[in-house]
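> Dropping in structure.txt, which is compact mmCIF, C-alpha atoms:
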```txt
# COMPACT_ATOMS: atom_id res chain seq x y z
CA MET A 16 -25.43 26.59 42.70
CA ILE A 17 -28.91 27.55 43.97
CA LYS A 18 -28.54 31.02 42.42
CA ALA A 19 -27.63 29.45 39.07
CA ALA A 20 -30.73 27.23 39.17
CA VAL A 21 -33.16 30.11 39.88
CA PRO A 22 -33.84 31.01 36.19
CA VAL A 23 -34.54 27.37 35.37
CA LEU A 24 -36.90 27.01 38.35
CA ILE A 25 -38.74 30.19 37.35
CA GLY A 26 -39.03 28.90 33.79
CA VAL A 27 -40.38 25.53 34.96
CA ALA A 28 -42.92 27.34 37.17
CA LEU A 29 -44.03 29.43 34.19
CA ALA A 30 -44.29 26.25 32.09
CA VAL A 31 -46.58 24.72 34.72
CA LEU A 32 -48.66 27.92 34.72
CA VAL A 33 -48.94 27.88 30.91
CA GLN A 34 -49.96 24.21 30.95
CA LEU A 35 -52.56 24.48 33.71
CA ALA A 36 -53.94 28.00 33.18
CA ALA A 37 -53.48 28.93 29.52
CA GLY A 38 -53.75 25.49 27.93
CA PRO A 39 -57.44 24.83 28.70
CA ILE A 40 -58.45 28.40 27.72
CA ILE A 41 -56.76 28.97 24.38
CA GLY A 42 -58.02 25.81 22.68
CA PRO A 43 -56.22 23.06 20.74
CA PHE A 44 -55.29 25.15 17.65
CA ALA A 45 -53.62 27.95 19.63
CA ALA A 46 -51.96 25.35 21.89
CA LYS A 47 -50.55 23.61 18.79
CA LEU A 48 -49.19 26.95 17.54
CA LEU A 49 -47.57 27.62 20.91
CA MET A 50 -45.96 24.18 20.84
CA ASP A 51 -44.66 24.74 17.28
CA ILE A 52 -43.23 28.09 18.38
CA GLY A 53 -41.46 26.46 21.33
CA ILE A 54 -39.90 23.72 19.18
CA ASN A 55 -38.74 26.28 16.61
CA VAL A 56 -37.26 28.44 19.39
CA ILE A 57 -35.17 25.48 20.59
CA LEU A 58 -34.01 24.76 17.02
CA ALA A 59 -33.17 28.39 16.17
CA VAL A 60 -31.34 29.11 19.43
CA SER A 61 -29.37 25.86 19.23
CA LEU A 62 -28.30 26.46 15.61
CA ASN A 63 -27.30 29.98 16.65
CA LEU A 64 -24.60 28.42 18.84
CA VAL A 65 -22.88 27.22 15.65
CA ASN A 66 -23.83 29.73 12.97
CA GLY A 67 -24.05 32.80 15.19
CA PHE A 68 -21.53 32.28 17.98
CA THR A 69 -18.68 30.51 16.19
CA GLY A 70 -19.39 31.84 12.69
CA GLN A 71 -19.63 28.41 11.02
CA PHE A 72 -22.32 27.64 8.45
CA SER A 73 -24.23 24.45 9.14
CA ILE A 74 -27.28 23.64 7.01
CA GLY A 75 -27.97 20.13 8.27
CA HIS A 76 -29.60 20.93 11.61
CA ALA A 77 -32.80 19.05 10.73
CA GLY A 78 -30.67 15.90 10.46
CA PHE A 79 -29.86 16.07 14.18
CA MET A 80 -33.53 16.79 14.86
CA ALA A 81 -34.39 13.61 12.94
CA VAL A 82 -31.82 11.59 14.91
CA GLY A 83 -33.32 12.77 18.21
CA GLY A 84 -36.90 12.38 17.01
CA TYR A 85 -36.51 8.82 15.74
CA THR A 86 -34.51 7.77 18.81
CA ALA A 87 -37.09 9.19 21.23
CA GLY A 88 -40.02 7.87 19.15
CA CYS A 89 -38.50 4.38 18.95
CA ILE A 90 -37.91 4.27 22.73
CA THR A 91 -41.39 5.55 23.62
CA TYR A 92 -43.29 3.46 21.04
CA TYR A 93 -41.59 0.11 21.57
CA GLY A 94 -41.01 0.83 25.28
CA SER A 95 -44.76 1.34 25.71
CA PHE A 96 -45.45 -2.09 24.19
CA LEU A 97 -42.85 -3.72 26.47
CA LEU A 98 -43.91 -1.91 29.66
CA PHE A 99 -47.64 -1.28 29.26
CA GLY A 100 -48.69 -3.73 26.52
CA ASN A 101 -49.97 -0.96 24.23
CA THR A 102 -49.07 2.53 22.97
CA GLN A 103 -51.90 4.46 24.60
CA VAL A 104 -50.95 7.58 26.57
CA GLN A 105 -50.68 6.73 30.25
CA PRO A 106 -53.06 8.93 32.31
CA GLY A 107 -51.91 11.34 35.00
CA TRP A 108 -49.28 14.03 35.26
CA LEU A 109 -45.71 12.72 35.41
CA SER A 110 -47.02 9.20 34.86
CA HIS A 111 -44.78 6.28 33.90
CA GLY A 112 -45.49 7.16 30.27
CA ASP A 113 -44.27 10.74 30.83
CA LEU A 114 -41.07 9.45 32.42
CA LEU A 115 -40.54 7.09 29.47
CA PHE A 116 -41.08 10.05 27.11
CA LEU A 117 -38.61 12.17 29.09
CA GLY A 118 -36.05 9.37 28.96
CA GLY A 119 -36.60 9.08 25.21
CA CYS A 120 -36.00 12.82 24.69
CA LEU A 121 -32.80 12.73 26.76
CA ALA A 122 -31.61 9.63 24.89
CA GLY A 123 -32.39 11.46 21.64
CA ALA A 124 -30.19 14.33 22.81
CA VAL A 125 -27.33 11.95 23.61
CA VAL A 126 -27.54 10.10 20.28
CA ALA A 127 -27.78 13.42 18.38
CA ALA A 128 -24.72 14.70 20.29
CA ILE A 129 -22.79 11.55 19.31
CA ALA A 130 -23.82 12.15 15.70
CA GLY A 131 -22.58 15.74 16.14
CA ILE A 132 -19.17 14.43 17.24
CA ILE A 133 -18.99 12.02 14.29
CA VAL A 134 -19.87 14.77 11.80
CA GLY A 135 -18.07 17.64 13.56
CA LEU A 136 -14.66 16.13 14.32
CA PRO A 137 -13.57 15.61 10.70
CA SER A 138 -15.46 18.52 9.14
CA LEU A 139 -14.85 21.38 11.59
CA ARG A 140 -11.14 21.36 10.81
CA LEU A 141 -12.17 22.60 7.38
CA ARG A 142 -12.90 26.23 6.62
CA GLY A 143 -15.19 28.13 4.33
CA ASP A 144 -18.21 26.44 2.80
CA TYR A 145 -17.00 22.88 3.38
CA LEU A 146 -18.94 22.54 6.64
CA ALA A 147 -22.16 23.51 4.85
CA ILE A 148 -21.54 20.81 2.23
CA VAL A 149 -20.71 18.16 4.85
CA THR A 150 -23.77 18.92 7.01
CA LEU A 151 -25.99 19.00 3.94
CA GLY A 152 -24.63 15.60 2.93
CA PHE A 153 -25.19 14.25 6.45
CA GLY A 154 -28.85 15.29 6.35
CA GLU A 155 -29.44 13.74 2.94
CA ILE A 156 -27.65 10.45 3.82
CA LEU A 157 -29.73 10.22 6.98
CA ARG A 158 -32.94 10.86 5.06
CA VAL A 159 -32.17 8.06 2.58
CA MET A 160 -31.23 5.66 5.40
CA LEU A 161 -34.49 6.37 7.25
CA GLN A 162 -36.49 5.78 4.07
CA ARG A 163 -34.91 2.32 3.79
CA THR A 164 -35.93 1.16 7.27
CA GLY A 165 -38.60 -1.53 7.73
CA ASP A 166 -42.26 -1.28 8.64
CA VAL A 167 -43.25 -0.36 12.19
CA LEU A 168 -44.15 -3.38 14.36
CA GLY A 169 -47.77 -3.07 15.41
CA THR A 170 -48.48 -5.64 18.15
CA ALA A 171 -47.07 -6.42 21.59
CA ASP A 172 -46.27 -10.03 20.55
CA GLU A 173 -44.17 -8.87 17.60
CA VAL A 174 -42.28 -6.41 19.80
CA HIS A 175 -41.59 -9.00 22.52
CA LYS A 176 -40.21 -11.48 19.96
CA ALA A 177 -38.11 -8.95 18.04
CA SER A 178 -34.41 -8.32 18.73
CA VAL A 179 -33.01 -4.90 19.61
CA GLY A 180 -31.56 -4.59 16.11
CA THR A 181 -34.94 -5.32 14.53
CA LEU A 182 -36.66 -2.71 16.72
CA ALA A 183 -34.00 -0.11 15.90
CA THR A 184 -34.47 -0.62 12.16
CA SER A 185 -38.29 -0.88 12.12
CA LEU A 186 -38.99 2.85 11.82
CA GLY A 187 -41.61 3.01 9.08
CA GLY A 188 -39.43 3.72 6.05
CA SER A 189 -40.74 6.22 3.51
CA LEU A 190 -44.28 5.95 4.93
CA GLY A 191 -43.16 7.49 8.20
CA PHE A 192 -43.11 6.42 11.83
CA SER A 193 -46.75 6.55 12.93
CA GLY A 194 -48.45 5.52 16.17
CA ILE A 195 -46.06 7.30 18.56
CA PRO A 196 -48.03 8.29 21.71
CA TYR A 197 -48.66 12.03 22.09
CA TYR A 198 -46.91 12.98 25.32
CA THR A 199 -45.67 16.42 24.25
CA ASP A 200 -47.54 19.29 25.89
CA LEU A 201 -46.91 22.95 26.75
CA PHE A 202 -45.23 22.06 30.05
CA TRP A 203 -42.56 19.86 28.51
CA ILE A 204 -41.89 22.20 25.59
CA TYR A 205 -41.51 25.36 27.65
CA THR A 206 -39.42 23.57 30.27
CA PHE A 207 -36.93 22.62 27.56
CA VAL A 208 -37.22 26.12 26.00
CA THR A 209 -36.20 27.57 29.38
CA ILE A 210 -33.22 25.24 29.69
CA THR A 211 -32.11 26.05 26.13
CA LEU A 212 -32.34 29.82 26.68
CA VAL A 213 -30.56 29.72 30.04
CA VAL A 214 -27.70 27.64 28.62
CA ALA A 215 -27.36 29.84 25.50
CA LEU A 216 -27.43 33.14 27.40
CA ARG A 217 -25.05 32.00 30.15
CA LEU A 218 -22.72 30.68 27.46
CA LYS A 219 -22.80 33.91 25.46
CA PHE A 220 -21.90 36.15 28.40
CA SER A 221 -19.25 33.81 29.85
CA SER A 222 -15.54 33.74 29.03
CA TYR A 223 -16.24 30.57 27.09
CA GLY A 224 -18.80 32.40 24.98
CA ARG A 225 -16.35 35.23 24.35
CA ALA A 226 -13.93 32.63 23.03
CA PHE A 227 -16.70 31.40 20.70
CA LEU A 228 -17.24 34.95 19.42
CA SER A 229 -13.50 35.44 18.94
CA VAL A 230 -13.50 32.40 16.61
CA ARG A 231 -16.33 33.99 14.70
CA GLU A 232 -14.63 37.39 14.39
CA ASN A 233 -11.13 36.23 13.46
CA GLU A 234 -10.14 32.58 13.68
CA ILE A 235 -6.45 33.21 12.97
CA ALA A 236 -6.20 35.87 15.68
CA ALA A 237 -8.00 33.57 18.13
CA GLU A 238 -5.48 30.80 17.43
CA ALA A 239 -2.64 33.31 17.84
CA VAL A 240 -3.69 34.04 21.45
CA GLY A 241 -3.81 30.34 22.31
CA ILE A 242 -7.47 29.42 21.71
CA ASN A 243 -8.00 25.89 20.38
CA THR A 244 -10.52 26.88 17.72
CA THR A 245 -11.23 23.33 16.50
CA ARG A 246 -12.10 22.14 20.00
CA LEU A 247 -14.42 25.12 20.54
CA LYS A 248 -16.19 24.61 17.23
CA VAL A 249 -16.72 20.90 17.92
CA ARG A 250 -18.12 21.64 21.40
CA ALA A 251 -20.54 24.23 20.00
CA PHE A 252 -21.56 21.80 17.27
CA VAL A 253 -22.18 18.93 19.73
CA LEU A 254 -24.17 21.16 22.12
CA ALA A 255 -26.32 22.44 19.24
CA ALA A 256 -26.90 18.87 18.01
CA ALA A 257 -28.00 17.77 21.49
CA PHE A 258 -30.63 20.52 21.74
CA ALA A 259 -31.80 19.72 18.20
CA GLY A 260 -32.20 16.10 19.33
CA ILE A 261 -34.44 17.24 22.20
CA ALA A 262 -36.50 19.35 19.78
CA GLY A 263 -36.85 16.27 17.58
CA GLY A 264 -38.07 14.21 20.54
CA LEU A 265 -40.68 16.84 21.39
CA PHE A 266 -41.75 17.05 17.73
CA ALA A 267 -42.10 13.24 17.46
CA HIS A 268 -44.61 13.13 20.34
CA GLU A 269 -46.66 16.18 19.30
CA VAL A 270 -50.36 15.79 18.52
CA GLY A 271 -51.01 15.36 14.79
CA THR A 272 -47.39 14.54 13.99
CA SER A 273 -46.13 11.49 12.12
CA LEU A 274 -42.36 11.31 11.75
CA ASN A 275 -41.46 11.36 8.08
CA PRO A 276 -37.93 11.64 6.64
CA ARG A 277 -39.13 14.14 4.00
CA GLU A 278 -40.39 16.60 6.65
CA LEU A 279 -37.00 16.60 8.41
CA GLY A 280 -34.88 17.12 5.36
CA PHE A 281 -33.27 19.94 3.42
CA GLN A 282 -36.28 22.32 3.53
CA LYS A 283 -36.59 22.09 7.32
CA SER A 284 -32.87 22.83 7.73
CA PHE A 285 -33.22 25.93 5.59
CA ASP A 286 -36.22 27.13 7.61
CA ILE A 287 -34.06 26.99 10.76
CA VAL A 288 -31.17 28.81 9.05
CA ILE A 289 -33.59 31.58 7.97
CA MET A 290 -34.72 32.00 11.59
CA VAL A 291 -31.12 32.45 12.75
CA VAL A 292 -30.22 34.89 9.97
CA LEU A 293 -33.43 36.88 10.36
CA GLY A 294 -33.07 37.16 14.13
CA GLY A 295 -29.44 38.22 14.00
CA MET A 296 -26.34 36.02 13.94
CA GLY A 297 -25.28 35.71 17.57
CA SER A 298 -28.42 37.14 19.20
CA VAL A 299 -30.35 34.68 21.39
CA SER A 300 -33.41 36.90 21.80
CA GLY A 301 -33.27 37.70 18.07
CA ALA A 302 -33.48 33.99 17.26
CA VAL A 303 -36.49 33.72 19.60
CA LEU A 304 -38.25 36.65 17.89
CA ALA A 305 -37.55 35.25 14.42
CA ALA A 306 -38.83 31.80 15.42
CA ILE A 307 -42.06 33.36 16.69
CA VAL A 308 -42.54 35.54 13.59
CA LEU A 309 -41.74 32.82 11.07
CA THR A 310 -44.02 30.32 12.80
CA LEU A 311 -46.97 32.71 12.93
CA LEU A 312 -46.51 34.40 9.53
CA PRO A 313 -47.63 31.41 7.37
CA GLU A 314 -50.70 31.00 9.59
CA ALA A 315 -51.50 34.73 9.37
CA LEU A 316 -51.37 34.49 5.58
CA ARG A 317 -53.50 31.35 5.42
CA SER A 318 -56.54 33.41 4.25
CA PHE A 319 -54.53 34.28 1.13
CA SER A 320 -53.67 30.66 0.39
CA GLU A 321 -52.82 31.28 -3.28
CA PHE A 322 -50.41 34.11 -2.50
CA ARG A 323 -49.21 32.94 0.89
CA MET A 324 -45.78 31.61 -0.08
CA PRO A 325 -44.94 34.51 -2.50
CA ILE A 326 -45.90 37.04 0.21
CA TYR A 327 -43.86 35.10 2.75
CA ALA A 328 -40.82 35.05 0.46
CA LEU A 329 -41.24 38.76 -0.41
CA ALA A 330 -41.38 39.69 3.28
CA LEU A 331 -38.11 37.82 3.88
CA ILE A 332 -36.40 39.48 0.87
CA LEU A 333 -37.48 42.95 2.02
CA MET A 334 -36.22 42.20 5.51
CA MET A 335 -32.83 41.17 4.21
CA ILE A 336 -32.56 44.27 2.00
CA LEU A 337 -33.65 46.75 4.68
CA ARG A 338 -31.89 45.11 7.64
CA PRO A 339 -29.25 42.59 6.44
CA GLN A 340 -27.80 42.12 9.93
CA GLY A 341 -31.12 40.68 11.11
CA ILE A 342 -33.64 42.00 13.62
CA LEU A 343 -31.17 42.49 16.50
CA GLY A 344 -27.76 41.91 14.96
CA LEU A 345 -25.37 40.65 17.67
CA ARG A 346 -27.19 42.43 20.50
CA GLU A 347 -29.92 41.19 22.79
CA LEU A 348 -33.36 42.75 23.22
CA TRP A 349 -32.48 44.38 26.55
CA GLU A 350 -29.28 45.90 25.11
CA LEU A 351 -31.18 48.07 22.64
CA SER A 352 -31.51 51.79 23.27
CA TRP A 353 -35.26 52.32 23.11
CA PHE A 354 -34.98 56.10 23.44
CA PRO A 355 -32.74 58.36 21.27
CA LYS A 356 -29.71 59.73 23.09
CA ARG A 357 -29.92 63.38 24.08
CA LYS A 358 -27.56 65.55 22.04
CA THR A 359 -24.98 67.36 24.13
CA LYS A 360 -24.99 71.13 23.67
CA PRO A 361 -21.68 72.87 22.81
CA THR A 362 -21.75 74.82 26.08
CA GLU A 363 -22.10 71.59 28.04
CA LYS A 364 -19.14 70.14 26.11
CA ALA A 365 -17.02 73.18 26.92
CA ALA A 366 -17.97 73.01 30.59
CA ALA A 367 -17.02 69.33 30.64
```
What would you get if you wrote out this structure as structure tokens?

Amino acid sequence: MIKAAVPVLIGVALAVLVQLAAGPIIGPFAAKLLMDIGINVILAVSLNLVNGFTGQFSIGHAGFMAVGGYTAGCITYYGSFLLFGNTQVQPGWLSHGDLLFLGGCLAGAVVAAIAGIIVGLPSLRLRGDYLAIVTLGFGEILRVMLQRTGDVLGTADEVHKASVGTLATSLGGSLGFSGIPYYTDLFWIYTFVTITLVVALRLKFSSYGRAFLSVRENEIAAEAVGINTTRLKVRAFVLAAAFAGIAGGLFAHEVGTSLNPRELGFQKSFDIVIMVVLGGMGSVSGAVLAAIVLTLLPEALRSFSEFRMPIYALALILMMILRPQGILGLRELWELSWFPKRKTKPTEKAAA
């Protein structure tokens, strides 16, 4: 048990180091980029559990991110009014406000996982492109529902008088959910990045992960040897939805962010799919690399604002033509052979 927790403890220690040592040095812009990279890493690695490990094609991942984000934002925003009388960030490390934020993120993960069960149970029995259509429909229905919610309550008196149902449906509508306190920092993001990576890597190299990959390679053969493929696909889907919910909670409390249904719609889902495909379907470290590259590339091209998006699209097209299996394919970064293998001479073969 202690041995299994070592990677997580090391990751949390590194997250503390990044927060305390690197955060004050690199400045707010670089810190924002690092936070965006971390959130995209969680999204890409979690979607890889479905698209890469089990071979399904989900294009509604931003919907689960929205579920987690709105749940966490609602709990933190209205909870701050009820507990502290205002929505200002509570001072101090691991303050009551931080604990409320952590509870909101975990609640967002649970609600997103429940949404994953509701969507996954009926749709994952289907094959082919049907899952893509269902998840796309889920994301669009959710976006329309969020746009029809009421205005955000803005005073402590209104919040105290409102019922739970009123609070749950007062999410800002099409104008977005603004005023959520900014609790997300490098420590929280890279703590959750560590947990996501440890879970994904342990899953991939376990017998359970091998069963996932068998579903991806040949579903009929997997069923023939006694694997319940529907149950495996639903579990992968629910786990991916839960991590997307956490990413949504972190995104909702990030500096400069206002939750808006349009930002968590179809385009965001496709950005996450591109990260998974570019990194390599089934490669955890490949998804991490792609998330880093695709987060930094638009910023690197910001000087060429007029040509930024065409250059970005051209780079992706060239990548798909030259390396269609993605950066790492199914392998991980440490499984690559960095040096060419030495050719065996005929005399050595004969001696062998």
> Calculate how many Å separate atom CA of A:Phe227 from atom CA of A:Ile132, rounding to one decimal.
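Straight-line distance from atom CA of A:Phe227 to atom CA of A:Ile132 works out to 17.5 Å.
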> If we count all atoms listed in the file, what is near A:Arg246 at a cut-off of 12 Å, once residues fewer than 2 positions away on the same chain are taken out, given as number ranges by chain?
A: 69, 132, 135-140, 223, 226-227, 230, 238, 241-244, 248-253
> Using all atoms listed in the file - which residues lie no farther than 6 Å from the point (-35.3, 9.9, 4.9) in the file's frame? Write them as a compact mmCIF listing (two decimals) with C-alpha atoms, keeping the file's coordinate frame.

```txt
# COMPACT_ATOMS: atom_id res chain seq x y z
CA LEU A 157 -29.73 10.22 6.98
CA ARG A 158 -32.94 10.86 5.06
CA VAL A 159 -32.17 8.06 2.58
CA MET A 160 -31.23 5.66 5.40
CA LEU A 161 -34.49 6.37 7.25
CA GLN A 162 -36.49 5.78 4.07
CA PRO A 276 -37.93 11.64 6.64
CA ARG A 277 -39.13 14.14 4.00
```
> Please identify all polymer residues within 8 Å of A:Arg231, counting all atoms listed in the file, omitting same-chain residues fewer than 5 positions from it, and present them as a PyMOL selection string.
chain A and resi 67-71
> Taking 2 positions as the minimum chain separation for residues in the same chain, which residues sit within 7 Å of stretch 96-100 of chain A when counting all atoms listed in the file? Answer as an mmCIF file with C-alpha atoms, in the coordinates of the input.

```cif
data_model
loop_
_atom_site.group_PDB
_atom_site.id
_atom_site.type_symbol
_atom_site.label_atom_id
_atom_site.label_comp_id
_atom_site.auth_asym_id
_atom_site.auth_seq_id
_atom_site.Cartn_x
_atom_site.Cartn_y
_atom_site.Cartn_z
ATOM 1 C CA TYR A 92 -43.290 3.460 21.040
ATOM 2 C CA TYR A 93 -41.590 0.110 21.570
ATOM 3 C CA GLY A 94 -41.010 0.830 25.280
ATOM 4 C CA THR A 102 -49.070 2.530 22.970
ATOM 5 C CA ALA A 171 -47.070 -6.420 21.590
ATOM 6 C CA VAL A 174 -42.280 -6.410 19.800
ATOM 7 C CA HIS A 175 -41.590 -9.000 22.520
#
```
> I want to know what sits within 9 Å of stretch 49-52 of chain A, based on all atoms listed in the file, with residues of the same chain fewer than 6 positions away left out; could you give that as a PyMOL selection string?
chain A and resi 199-201+204-205+266+269+303+306-311
> Could you write out the selected residues, including C-alpha atoms, as a PDB file, in the frame of the given file?

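Output contents, as saved in again-v3.pdb:
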```pdb
ATOM      1  CA  THR A 199     -45.670  16.420  24.250  1.00  0.00           C
ATOM      2  CA  ASP A 200     -47.540  19.290  25.890  1.00  0.00           C
ATOM      3  CA  LEU A 201     -46.910  22.950  26.750  1.00  0.00           C
ATOM      4  CA  ILE A 204     -41.890  22.200  25.590  1.00  0.00           C
ATOM      5  CA  TYR A 205     -41.510  25.360  27.650  1.00  0.00           C
ATOM      6  CA  PHE A 266     -41.750  17.050  17.730  1.00  0.00           C
ATOM      7  CA  GLU A 269     -46.660  16.180  19.300  1.00  0.00           C
ATOM      8  CA  VAL A 303     -36.490  33.720  19.600  1.00  0.00           C
ATOM      9  CA  ALA A 306     -38.830  31.800  15.420  1.00  0.00           C
ATOM     10  CA  ILE A 307     -42.060  33.360  16.690  1.00  0.00           C
ATOM     11  CA  VAL A 308     -42.540  35.540  13.590  1.00  0.00           C
ATOM     12  CA  LEU A 309     -41.740  32.820  11.070  1.00  0.00           C
ATOM     13  CA  THR A 310     -44.020  30.320  12.800  1.00  0.00           C
ATOM     14  CA  LEU A 311     -46.970  32.710  12.930  1.00  0.00           C
TER      15      LEU A 311
END
```
> Which residues are near A:Val291? Cut-off 10 Å, all atoms listed in the file, ignore same chain within fewer than 6 positions. Put them as number ranges by chain.
A: 56, 58-64, 66-67, 285, 297-299, 301-306, 341-342
> Which protein, DNA or RNA residues have an atom at most 12 Å from (-25.4, 21.7, 4.3), counting all atoms listed in the file? List them as a ChimeraX atom specification.
/A:66,71-78,134,138,144-156,280-285,288
> Which of these residues is nearest to A:Leu345, using only C-alpha atoms: A:Ala237, A:Ile287, A:Leu182, A:Leu293?
A:Leu293
> What's the separation between atom CA of A:Ser273 and atom CA of A:Gln103, in Å to one decimal place?
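Rounded to one decimal, the two atoms are 15.4 Å apart.
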